[in-house]
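*Asks:* Next comes the structure file upload-v7.cif, holding mmCIF, C-alpha atoms.
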data_query
#
loop_
_atom_site.label_atom_id
_atom_site.label_comp_id
_atom_site.auth_asym_id
_atom_site.auth_seq_id
_atom_site.Cartn_x
_atom_site.Cartn_y
_atom_site.Cartn_z
CA SER A 1 -28.97 -8.06 -6.28
CA THR A 2 -28.15 -7.91 -2.60
CA LEU A 3 -29.59 -9.39 0.55
CA THR A 4 -32.37 -7.17 1.83
CA PHE A 5 -30.64 -6.21 5.07
CA LEU A 6 -27.07 -5.97 3.73
CA SER A 7 -26.05 -2.81 1.95
CA PHE A 8 -22.34 -3.52 1.56
CA SER A 9 -20.52 -5.84 -0.81
CA GLN A 10 -16.85 -5.09 -0.28
CA ALA A 11 -14.50 -8.02 -0.59
CA TRP A 12 -13.41 -9.91 2.50
CA PRO A 13 -9.70 -10.74 2.19
CA SER A 14 -9.74 -14.44 1.36
CA VAL A 15 -7.10 -16.90 2.46
CA LYS A 16 -6.68 -20.02 0.38
CA ARG A 17 -4.89 -22.38 2.75
CA SER A 18 -6.16 -22.47 6.31
CA PHE A 19 -3.44 -24.88 7.42
CA GLU A 20 -0.83 -22.20 6.74
CA LEU A 21 -2.58 -19.93 9.25
CA PHE A 22 -2.89 -22.62 11.90
CA PRO A 23 -0.12 -25.20 11.20
CA ASN A 24 -0.34 -26.83 14.64
CA SER A 25 -4.10 -27.24 14.77
CA PRO A 26 -5.14 -30.79 15.78
CA ALA A 27 -7.15 -32.88 13.39
CA VAL A 28 -10.90 -32.44 13.82
CA PRO A 29 -13.21 -35.48 13.71
CA HIS A 30 -15.38 -35.34 10.62
CA ASN A 31 -19.03 -34.71 11.45
CA VAL A 32 -21.84 -34.09 8.98
CA HIS A 33 -24.86 -31.93 9.86
CA THR A 34 -27.97 -31.16 7.82
CA VAL A 35 -29.16 -27.54 7.81
CA SER A 36 -32.93 -27.79 8.12
CA ASP A 37 -33.97 -24.66 10.06
CA CYS A 38 -33.93 -21.19 8.53
CA MET A 39 -32.08 -19.96 11.63
CA HIS A 40 -29.70 -22.83 12.33
CA VAL A 41 -27.34 -22.39 15.32
CA ALA A 42 -24.13 -24.44 15.12
CA SER A 43 -21.57 -25.01 17.88
CA GLU A 44 -19.85 -28.14 16.57
CA ALA A 45 -17.13 -28.54 13.97
CA GLY A 46 -17.88 -30.43 10.75
CA ASP A 47 -19.64 -30.13 7.41
CA TYR A 48 -23.01 -28.34 7.26
CA ILE A 49 -25.07 -29.34 4.22
CA PHE A 50 -28.04 -27.47 2.77
CA LYS A 51 -29.99 -28.60 -0.30
CA LYS A 52 -33.16 -27.15 -1.84
CA LEU A 53 -35.04 -29.09 -4.50
CA ASN A 54 -38.33 -28.53 -6.33
CA PRO A 55 -39.29 -25.15 -4.83
CA LEU A 56 -43.00 -24.40 -4.49
CA ASN A 57 -42.82 -21.62 -7.04
CA SER A 58 -41.19 -23.73 -9.76
CA PRO A 59 -43.11 -24.06 -13.07
CA LEU A 60 -43.96 -27.72 -12.40
CA ASN A 61 -45.36 -27.05 -8.95
CA ARG A 62 -47.22 -23.97 -10.22
CA GLU A 63 -48.98 -26.12 -12.84
CA ALA A 64 -49.93 -28.67 -10.17
CA ALA A 65 -51.33 -25.90 -7.95
CA LEU A 66 -53.38 -24.50 -10.84
CA LEU A 67 -54.84 -27.93 -11.61
CA GLU A 68 -55.85 -28.37 -7.97
CA LEU A 69 -57.53 -24.95 -7.95
CA GLU A 70 -59.40 -25.70 -11.19
CA GLU A 71 -60.63 -29.05 -9.82
CA ALA A 72 -61.76 -27.38 -6.58
CA ALA A 73 -63.59 -24.64 -8.51
CA ALA A 74 -65.32 -27.25 -10.72
CA ALA A 75 -66.40 -29.24 -7.67
CA ALA A 76 -67.74 -26.09 -6.03
CA ALA A 77 -69.73 -25.17 -9.13
CA ALA A 78 -71.24 -28.67 -9.29
CA GLY A 79 -72.20 -28.47 -5.61
CA GLY A 80 -74.19 -25.23 -5.95
CA ALA A 81 -73.85 -21.59 -5.02
CA GLY A 82 -72.29 -20.61 -1.73
CA VAL A 83 -70.00 -23.67 -1.70
CA GLY A 84 -66.47 -22.88 -2.69
CA VAL A 85 -62.88 -22.41 -1.77
CA GLY A 86 -62.02 -19.54 0.58
CA VAL A 87 -64.61 -16.86 1.39
CA ALA A 88 -68.19 -17.66 0.43
CA GLY A 89 -69.40 -15.56 -2.47
CA ALA A 90 -65.88 -14.48 -3.45
CA PRO A 91 -64.91 -15.22 -7.05
CA GLY A 92 -62.52 -18.18 -7.21
CA PRO A 93 -59.46 -18.25 -9.44
CA GLY A 94 -60.27 -19.19 -12.98
CA PRO A 95 -58.21 -21.19 -15.44
CA GLY A 96 -54.81 -19.64 -16.03
CA ALA A 97 -54.94 -17.49 -12.87
CA ALA A 98 -51.51 -16.68 -11.48
CA VAL A 99 -50.45 -18.19 -8.17
CA PRO A 100 -48.65 -15.48 -6.17
CA GLU A 101 -44.98 -16.26 -5.68
CA GLU A 102 -43.53 -16.20 -2.18
CA GLN A 103 -40.75 -13.76 -1.43
CA PRO A 104 -37.43 -15.60 -1.11
CA GLU A 105 -36.51 -16.12 2.53
CA VAL A 106 -33.16 -14.99 3.92
CA CYS A 107 -31.77 -17.65 6.25
CA GLY A 108 -28.57 -18.11 8.21
CA LEU A 109 -26.13 -20.60 9.68
CA TYR A 110 -25.25 -18.95 13.01
CA VAL A 111 -21.94 -20.37 14.29
CA ILE A 112 -20.78 -19.92 17.90
CA GLY A 113 -17.70 -21.35 19.61
CA GLU A 114 -15.99 -21.26 22.99
CA PRO A 115 -15.05 -17.77 24.29
CA ASP A 116 -11.36 -18.14 23.37
CA THR A 117 -11.90 -19.29 19.79
CA ILE A 118 -12.46 -17.87 16.33
CA VAL A 119 -14.56 -19.47 13.60
CA GLU A 120 -13.26 -20.73 10.28
CA ILE A 121 -15.74 -21.48 7.47
CA THR A 122 -14.63 -23.15 4.23
CA MET A 123 -17.16 -23.29 1.41
CA LYS A 124 -16.46 -26.71 -0.07
CA HIS A 125 -19.30 -26.27 -2.54
CA TYR A 126 -22.08 -23.82 -3.25
CA ASP A 127 -24.75 -23.64 -5.94
CA ALA A 128 -26.39 -20.20 -5.61
CA ASN A 129 -27.20 -18.99 -9.12
CA CYS A 130 -26.90 -15.20 -9.39
CA GLU A 131 -29.42 -15.14 -12.25
CA THR A 132 -32.21 -16.57 -10.08
CA GLY A 133 -31.61 -13.96 -7.36
CA ALA A 134 -29.67 -16.32 -5.12
CA LEU A 135 -27.06 -14.74 -2.88
CA MET A 136 -24.83 -15.83 -0.01
CA ALA A 137 -22.84 -13.78 2.49
CA PHE A 138 -20.25 -14.38 5.18
CA VAL A 139 -20.55 -12.04 8.19
CA ASP A 140 -17.71 -11.55 10.68
CA GLY A 141 -20.00 -11.74 13.72
CA TRP A 142 -23.76 -12.17 13.98
CA GLU A 143 -26.58 -10.12 12.46
CA LEU A 144 -30.14 -10.10 13.80
CA ASN A 145 -32.84 -7.67 12.67
CA GLY A 146 -30.29 -5.31 11.13
CA GLU A 147 -28.10 -5.14 14.26
CA PHE A 148 -24.63 -6.64 14.52
CA PHE A 149 -22.50 -8.33 17.14
CA PRO A 150 -19.89 -7.08 17.79
CA GLY A 151 -21.30 -3.56 17.47
CA ILE A 152 -20.20 -1.56 14.46
CA LYS A 153 -18.13 0.83 16.59
CA ASP A 154 -16.62 -1.91 18.77
CA HIS A 155 -15.06 -3.91 15.92
CA HIS A 156 -11.61 -3.23 14.50
CA ARG A 157 -12.92 -3.86 10.96
CA THR A 158 -15.43 -1.70 9.13
CA LEU A 159 -18.79 -3.25 8.25
CA GLU A 160 -17.77 -3.28 4.57
CA GLU A 161 -14.81 -5.48 5.49
CA ARG A 162 -16.90 -7.72 7.76
CA VAL A 163 -19.48 -8.68 5.11
CA TYR A 164 -18.57 -10.58 1.92
CA GLU A 165 -21.32 -11.46 -0.58
CA PHE A 166 -21.03 -14.09 -3.29
CA CYS A 167 -23.03 -16.23 -5.73
CA ASN A 168 -22.43 -18.38 -8.85
CA ASN A 169 -22.12 -16.56 -12.14
CA TYR A 170 -22.58 -19.44 -14.56
CA LYS A 171 -22.15 -17.12 -17.56
CA GLN A 172 -18.57 -16.41 -16.56
CA TRP A 173 -15.91 -18.14 -18.61
CA PRO A 174 -13.50 -19.62 -17.80
CA ARG A 175 -15.17 -21.03 -14.70
CA ILE A 176 -13.41 -20.22 -11.44
CA SER A 177 -13.19 -22.41 -8.36
CA ASN A 178 -16.12 -21.87 -6.03
CA LYS A 179 -14.21 -22.91 -2.91
CA LYS A 180 -13.95 -20.02 -0.47
CA PHE A 181 -12.36 -19.58 2.94
CA PHE A 182 -13.39 -17.16 5.71
CA ARG A 183 -12.45 -16.61 9.33
CA SER A 184 -14.01 -14.48 12.04
CA SER A 185 -12.42 -12.13 14.57
CA GLN A 186 -14.30 -13.61 17.55
CA ASN A 187 -16.22 -16.74 18.57
CA ALA A 188 -19.26 -15.89 16.42
CA ALA A 189 -19.75 -15.93 12.64
CA LEU A 190 -22.70 -16.09 10.27
CA LEU A 191 -23.28 -17.61 6.84
CA GLN A 192 -26.38 -16.04 5.29
CA TYR A 193 -28.12 -17.41 2.22
CA ARG A 194 -31.08 -16.55 0.02
CA ILE A 195 -31.84 -19.31 -2.47
CA PRO A 196 -35.24 -18.74 -4.12
CA ALA A 197 -34.89 -21.61 -6.61
CA ARG A 198 -32.96 -24.84 -6.58
CA GLY A 199 -29.56 -24.64 -4.84
CA SER A 200 -27.24 -26.10 -2.24
CA PHE A 201 -24.04 -25.62 -0.27
CA VAL A 202 -21.55 -27.52 1.88
CA ALA A 203 -19.83 -25.38 4.53
CA ASN A 204 -17.07 -26.80 6.69
CA VAL A 205 -16.83 -25.27 10.17
CA ARG A 206 -13.73 -25.34 12.38
CA PHE A 207 -12.71 -23.52 15.57
CA HIS A 208 -9.25 -22.22 16.50
CA LYS A 209 -7.94 -21.08 19.90
CA ILE A 210 -6.76 -17.48 20.34
CA THR A 211 -4.78 -15.92 23.19
CA GLN A 212 -6.38 -12.47 23.44
CA PRO A 213 -10.15 -12.70 22.94
CA CYS A 214 -12.00 -9.39 23.00
CA ASN A 215 -15.65 -9.74 21.98
CA VAL A 216 -17.48 -12.84 23.19
CA LEU A 217 -20.99 -14.10 22.47
CA VAL A 218 -22.20 -16.20 25.40
CA GLN A 219 -23.65 -19.65 24.82
CA ASP A 220 -23.46 -21.00 28.41
CA THR A 221 -26.21 -19.98 30.84
CA ALA A 222 -23.78 -19.91 33.80
CA ALA A 223 -20.06 -19.14 33.55
CA ILE A 224 -17.18 -16.89 34.59
CA TYR A 225 -15.47 -14.75 31.94
CA LYS A 226 -12.25 -12.79 32.24
CA MET A 227 -12.19 -9.44 30.43
CA THR A 228 -9.00 -7.48 29.79
CA ASN A 229 -7.84 -4.89 27.30
CA PHE A 230 -4.21 -6.19 27.34
CA GLY A 231 -3.16 -2.54 27.64
CA GLN A 232 -4.71 -1.64 24.29
CA ALA A 233 -7.10 1.16 23.33
CA ARG A 234 -10.11 -0.93 22.40
CA ASN A 235 -13.65 -1.73 23.48
CA CYS A 236 -14.53 -5.33 24.25
CA SER A 237 -17.92 -6.79 25.09
CA ILE A 238 -19.54 -9.95 26.40
CA SER A 239 -23.13 -10.39 25.24
CA ALA A 240 -25.70 -12.98 26.31
CA LEU A 241 -28.91 -13.46 24.33
CA PHE A 242 -31.02 -13.77 27.46
CA PRO A 243 -31.88 -11.85 30.68
CA ALA A 244 -28.95 -12.36 33.06
CA VAL A 245 -27.62 -11.80 36.56
CA VAL A 246 -24.16 -10.21 36.59
CA SER A 247 -21.58 -9.78 39.36
CA LEU A 248 -17.92 -8.71 39.26
CA ALA A 249 -14.69 -9.94 40.87
CA ASN A 250 -10.94 -9.24 40.61
CA LEU A 251 -11.71 -5.75 39.36
CA ARG A 252 -8.96 -3.34 38.30
CA ILE A 253 -10.22 -0.59 35.99
CA GLY A 254 -8.88 2.94 35.62
CA GLY A 255 -5.80 4.81 36.84
CA LYS A 256 -4.03 4.74 40.23
CA ARG A 257 -6.22 7.46 41.70
CA VAL A 258 -9.41 5.59 40.82
CA ARG A 259 -8.06 2.28 42.10
CA ALA A 260 -6.97 3.87 45.39
CA GLN A 261 -10.59 4.55 46.34
CA GLN A 262 -11.92 2.46 49.21
CA LYS A 263 -15.02 1.35 47.34
CA VAL A 264 -15.74 0.34 43.78
CA ASN A 265 -17.51 3.13 41.92
CA TYR A 266 -20.68 1.93 40.12
CA ASP A 267 -21.36 5.35 38.61
CA CYS A 268 -18.13 6.32 36.84
CA GLN A 269 -18.34 9.55 34.89
CA LEU A 270 -17.36 9.72 31.22
CA PRO A 271 -14.89 9.62 29.56
CA SER A 272 -12.85 7.48 32.00
CA ASP A 273 -11.99 3.83 31.47
CA ARG A 274 -14.98 1.88 32.72
CA LEU A 275 -17.00 -1.32 32.61
CA GLU A 276 -20.52 -0.74 31.32
CA ILE A 277 -23.28 -3.14 32.32
CA GLY A 278 -26.60 -2.91 30.53
CA GLY A 279 -29.18 -4.47 28.29
CA SER A 280 -31.01 -3.97 25.02
CA ALA A 281 -33.61 -5.51 22.76
CA GLY A 282 -31.08 -6.08 19.94
CA LEU A 283 -27.46 -7.07 19.42
CA ASP A 284 -25.83 -3.64 19.10
CA SER A 285 -24.17 -2.74 22.41
CA LEU A 286 -24.28 0.99 21.60
CA ALA A 287 -28.08 0.87 21.83
CA MET A 288 -28.11 -0.66 25.30
CA GLU A 289 -29.59 0.98 28.38
CA LEU A 290 -26.98 1.39 31.12
CA ALA A 291 -27.54 -0.11 34.56
CA SER A 292 -24.02 0.52 35.92
CA SER A 293 -20.76 2.14 34.86
CA VAL A 294 -18.01 0.61 36.98
CA CYS A 295 -14.39 1.55 37.79
CA GLY A 296 -11.99 1.05 40.68
CA SER A 297 -10.24 -1.92 42.24
CA SER A 298 -11.39 -4.83 44.39
CA ASN A 299 -10.49 -8.49 44.92
CA GLU A 300 -13.81 -9.23 46.60
CA PRO A 301 -16.88 -10.39 44.66
CA GLY A 302 -19.32 -7.57 44.08
CA PRO A 303 -23.12 -7.61 44.49
CA GLU A 304 -25.33 -9.35 41.95
CA GLN A 305 -27.55 -7.28 39.69
CA ALA A 306 -30.25 -8.64 37.38
CA LEU A 307 -30.96 -7.26 33.92
CA PHE A 308 -34.25 -8.30 32.37
CA CYS A 309 -33.58 -7.53 28.69
CA GLY A 310 -33.47 -9.55 25.49
CA VAL A 311 -29.68 -9.10 25.32
CA THR A 312 -27.42 -8.55 28.35
CA THR A 313 -24.05 -6.88 27.66
CA VAL A 314 -20.93 -6.14 29.70
CA ARG A 315 -18.70 -3.72 27.77
CA LEU A 316 -15.13 -2.78 28.72
CA VAL A 317 -14.21 0.70 27.45
CA SER A 318 -10.43 1.29 27.45
CA SER A 319 -8.34 4.30 26.48
CA GLY A 320 -5.10 2.28 26.31
CA ARG A 321 -3.51 4.16 29.22
CA TYR A 322 -4.24 1.45 31.79
CA GLN A 323 -4.22 -2.33 32.13
CA ASN A 324 -7.90 -3.00 32.78
CA GLN A 325 -9.32 -6.33 33.84
CA ALA A 326 -12.36 -7.89 35.50
CA ALA A 327 -13.90 -11.29 36.11
CA ILE A 328 -17.53 -11.40 34.99
CA ILE A 329 -19.77 -13.91 36.79
CA LEU A 330 -22.87 -14.41 34.67
CA ARG A 331 -25.94 -16.63 34.97
CA LYS A 332 -29.40 -16.72 33.47
CA ALA A 333 -31.92 -14.61 35.40
CA GLU A 334 -34.81 -16.38 37.13
CA GLU A 335 -38.19 -14.99 38.13
CA GLN A 336 -37.12 -14.47 41.77
CA ASP A 337 -34.16 -12.32 40.63
CA VAL A 338 -36.52 -9.41 39.97
CA GLU A 339 -35.77 -8.35 43.56
CA ILE A 340 -32.18 -7.48 42.55
CA ALA A 341 -33.08 -6.01 39.15
CA THR A 342 -31.22 -2.85 38.17
CA LEU A 343 -32.72 -2.72 34.67
CA ILE A 344 -35.96 -3.94 33.13
CA CYS A 345 -36.15 -3.22 29.41
CA ALA A 346 -39.42 -2.35 27.69
CA LEU A 347 -41.05 -5.30 25.97
#
Do you think you could lay out the structure here as structure tokens?
*Replies:*
Amino acid sequence: STLTFLSFSQAWPSVKRSFELFPNSPAVPHNVHTVSDCMHVASEAGDYIFKKLNPLNSPLNREAALLELEEAAAAAAAGGAGVGVGVAGAPGPGPGAAVPEEQPEVCGLYVIGEPDTIVEITMKHYDANCETGALMAFVDGWELNGEFFPGIKDHHRTLEERVYEFCNNYKQWPRISNKKFFRSSQNAALLQYRIPARGSFVANVRFHKITQPCNVLVQDTAAIYKMTNFGQARNCSISALFPAVVSLANLRIGGKRVRAQQKVNYDCQLPSDRLEIGGSAGLDSLAMELASSVCGSSNEPGPEQALFCGVTTVRLVSSGRYQNQAAIILRKAEEQDVEIATLICAL
């Protein structure tokens, strides 16, 4: 069985001792958080605990529901015709009628850190019985409505490598340790879980600083971000999950001829190195509508442009031939910013 929106189950390379990867990491204060929402967003380090007991579709609860329905039907019959449960005149459920079972819900612990961090998740414990259809998955990035951040083509790992599914096989003997360790490639990671019956997990979250961040998911509604390719052939993106106003500063993108131009070019032709600014309804940056495609050089702050879309993305496309960089000034768009809008996405 697999999660409904995940079609890959290739193994994520696990690392058993996180302290060997980050020997100089400072001790993190121990915080305990309860996962209560189906979409739970986490930005603090600590243990995240989920526990599900006595599900509504368990045999005991099903019997209780049937008894309540039988009592309601008996009361309706004693009260006369036309009085009943649900639609008048419709036949009520009789003794032994089946109560429809709810489809198991797929939920997620969405973890986000500072722009220059990666996420480490250690599964201290998990009880997700494979036989009951339970399944968990670690995702290197975020997934929403079948779309991923970072985009599939902007990540250095394939999607098969970014998604690792697991559950408890209690028939397996000898039993193996159910402690697992994962780390992300950027400041966003996701722990998905589908637990239709009784189950639980304890996930420890930590954050580690990195020196060359590439893809960043924005959590602040007003900030300045520095983007650079560090001379590498790679695509990097900054995505905000809200309509935003974007302006640029300290811009150096493209070769000497492009940088020698007097003005910054906001309509660079493909396939040159460029900074794409756009928006989309979902997470995948490849599906975004372009508002600007920028190249050139300038130390002066550029004009503001507002993008009224569900997701705002600034994407640096680099061939590896040039040292590209830009400072991105980003804030949440307000109603009055419609006057400087360069893109309004369809609702």
*Asks:* Looking at A:Leu343, A:Ala233, A:Ala333, A:Leu241, which one is nearest to Asp154 (chain A), with distances taken over all atoms listed in the file?
*Replies:* A:Ala233
*Asks:* Got a sec to resolve the PyMOL selection byres ((chain A and resi 259-273) around 8) on this structure and send the residues as a list in words?
*Replies:*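 So the PyMOL selection byres ((chain A and resi 259-273) around 8) ends up selecting Arg252, Ile253, Gly254, Gly255, Lys256, Arg257, Val258, Arg274, Leu275, Ser292, Ser293, Val294, Cys295, Gly296, Ser297, Ser298, Leu316, Val317, Ser318 and Ser319 of chain A.
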*Asks:* With a distance cut-off of 8 Å and all atoms listed in the file, select the neighbouring residues of region 189-192 of chain A, excluding the residue or stretch itself and same-chain residues fewer than 3 positions from it, and output the selection as a list of chain:residue names.
*Replies:*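 Those residues are A:Val106, A:Cys107, A:Gly108, A:Leu109, A:Tyr110, A:Val111, A:Ile112, A:Val119, A:Met136, A:Ala137, A:Phe138, A:Val139, A:Asp140, A:Gly141, A:Trp142, A:Glu143, A:Ser184, A:Gln186.
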*Asks:* With only C-alpha atoms counted, which protein, DNA or RNA residues have an atom no more than 12 Å from (-3.7, -21.4, 24.1) in the file frame? Please answer as number ranges by chain.
*Replies:* A: 24-25, 115-117, 208-213
*Asks:* To one decimal place in Å, what is the distance between CA of Gly113 (chain A) and CA of Ile195 (chain A)?
*Replies:*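 Straight-line distance from CA of Gly113 (chain A) to CA of Ile195 (chain A) works out to 26.3 Å.
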*Asks:* Return as a PyMOL selection string the set of residues that the PyMOL selection byres ((chain A and resi 244) around 7) yields on the displayed structure.
*Replies:* chain A and resi 242-243+245-246+306-308+312+330-333
*Asks:* With C-alpha atoms retained, could you export that selection as a short mmCIF file (atom, residue, chain, number, x, y, z; two decimals), in the coordinates of the input?
*Replies:*
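Below is the file that was written, selection.cif:
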data_model
loop_
_atom_site.label_atom_id
_atom_site.label_comp_id
_atom_site.auth_asym_id
_atom_site.auth_seq_id
_atom_site.Cartn_x
_atom_site.Cartn_y
_atom_site.Cartn_z
CA PHE A 242 -31.02 -13.77 27.46
CA PRO A 243 -31.88 -11.85 30.68
CA VAL A 245 -27.62 -11.80 36.56
CA VAL A 246 -24.16 -10.21 36.59
CA ALA A 306 -30.25 -8.64 37.38
CA LEU A 307 -30.96 -7.26 33.92
CA PHE A 308 -34.25 -8.30 32.37
CA THR A 312 -27.42 -8.55 28.35
CA LEU A 330 -22.87 -14.41 34.67
CA ARG A 331 -25.94 -16.63 34.97
CA LYS A 332 -29.40 -16.72 33.47
CA ALA A 333 -31.92 -14.61 35.40
#
